[in-house]
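See below for the structure under consideration.
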Amino acid sequence: MEEKRVTIQQQFRALGDKQRPWSEWRLTDESCIQHIGHNIEQIQQLYSIKEQRTDDTITPCLSPINLLVVTLWYLKHYHSERYISTELNLSPSTVHTFLREIIDILHSCVYPELISVPVNLASKRTSHGPQRQHKLIVDSTFIAIPEPYDSEQRKAYYHSKSPTNYGIKIQIACNFHHRIVDVFECYHGSVHDITVLRGSGLLEHVNDSVQIIADKGYIGEDYVVTPRKKPHGRELKDEDKNFNRDINSARAAIENINQRLKTYAILGGVYRRAIGDFEKITKITQVVSALCNMNLDKHPIRK
């Protein structure tokens, strides 16, 4: 394994040195980060994971390192496939094919490497949780989509927070070390948050010693801790206000993570591909979440 790792590092330094765009982006960390959101060391890590965990073969329209970095460029800036094909002097169909194949490879090797629900959650030390039993934070976010033509689809995809009023819902879970540990499959934007949580499998992990912090959209499940509601016609007691302050402070981490995910334009912009292909959209979201975890390791929310 060590010999293979050395070989991969040698390939990384050699492959694509004379081929655009890696031949230009690799010159400085700043250029690399500007174009693909990751520095040269992180690209080497991704390349090593990919090469060690898959034997997939792809039509060699670009060198292996360029296939990787162009896909990362696509996820970060969400340029059209036609624009990418013009920049690289390739056909749009070739670009479409290798983007799909590289995203599939990243999903099969990078996502499980960088994202997983920890085993033995009850014994894990909670570094920033309000209580010892608070182990996970859950929240939903969305990918904006254009307004659907069909009235039934408009009803299904309606999401009031989306700038287009329509979106695809994503559920993200992080731990109190502020790393993403679970990204569940995508749902229509109108589906209630608690419905997504119930279908995600996360509730199988909860008990007296393992509880989830969430917002008021998740009220209705044991072991899911949400802010306390103000009684009708009365103010919250100081004890309840302090409780809510602690819960909201803890939840700020997942909101920060959601904001970081949106720095990848494929999630932060308006999604242009087929909105019904939830399998593809879920893969993209999970790959971007894994990439986000890499940057969270380098630039943590809280130290």
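Residues are named by chain letter and number: chains run A, B, ... in the order of the structure tokens, numbers start at 1 in each chain, and ligands are numbered from 1 in the order shown.
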ask   = Can you tell me, as number ranges by chain, what residues are no more than 9 Å from segment 241-244 of chain A when counting only C-alpha atoms, ignoring any on the same chain fewer than 2 positions away?
value = A: 130, 226-228, 236-239, 246-249
Might you pull out every residue within 9 Å of Ile284 of chain A, with only C-alpha atoms counted and same-chain residues fewer than 3 positions away left off, and present them as JSON, numbers by chain?
{"A": [75, 103, 104, 107, 266, 267, 279, 280, 281, 287, 288, 289]}
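Atom CA of Phe176 of chain A to atom CA of Ser116 of chain A spans 14.0 Å [interatomic distance, one decimal].
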Residue nearest His38 of chain A - candidates A:Tyr271, A:Phe278, A:Tyr264, A:Phe184, atoms counted: only C-alpha atoms: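 Of the candidates, the smallest distance to His38 of chain A is held by A:Tyr264.
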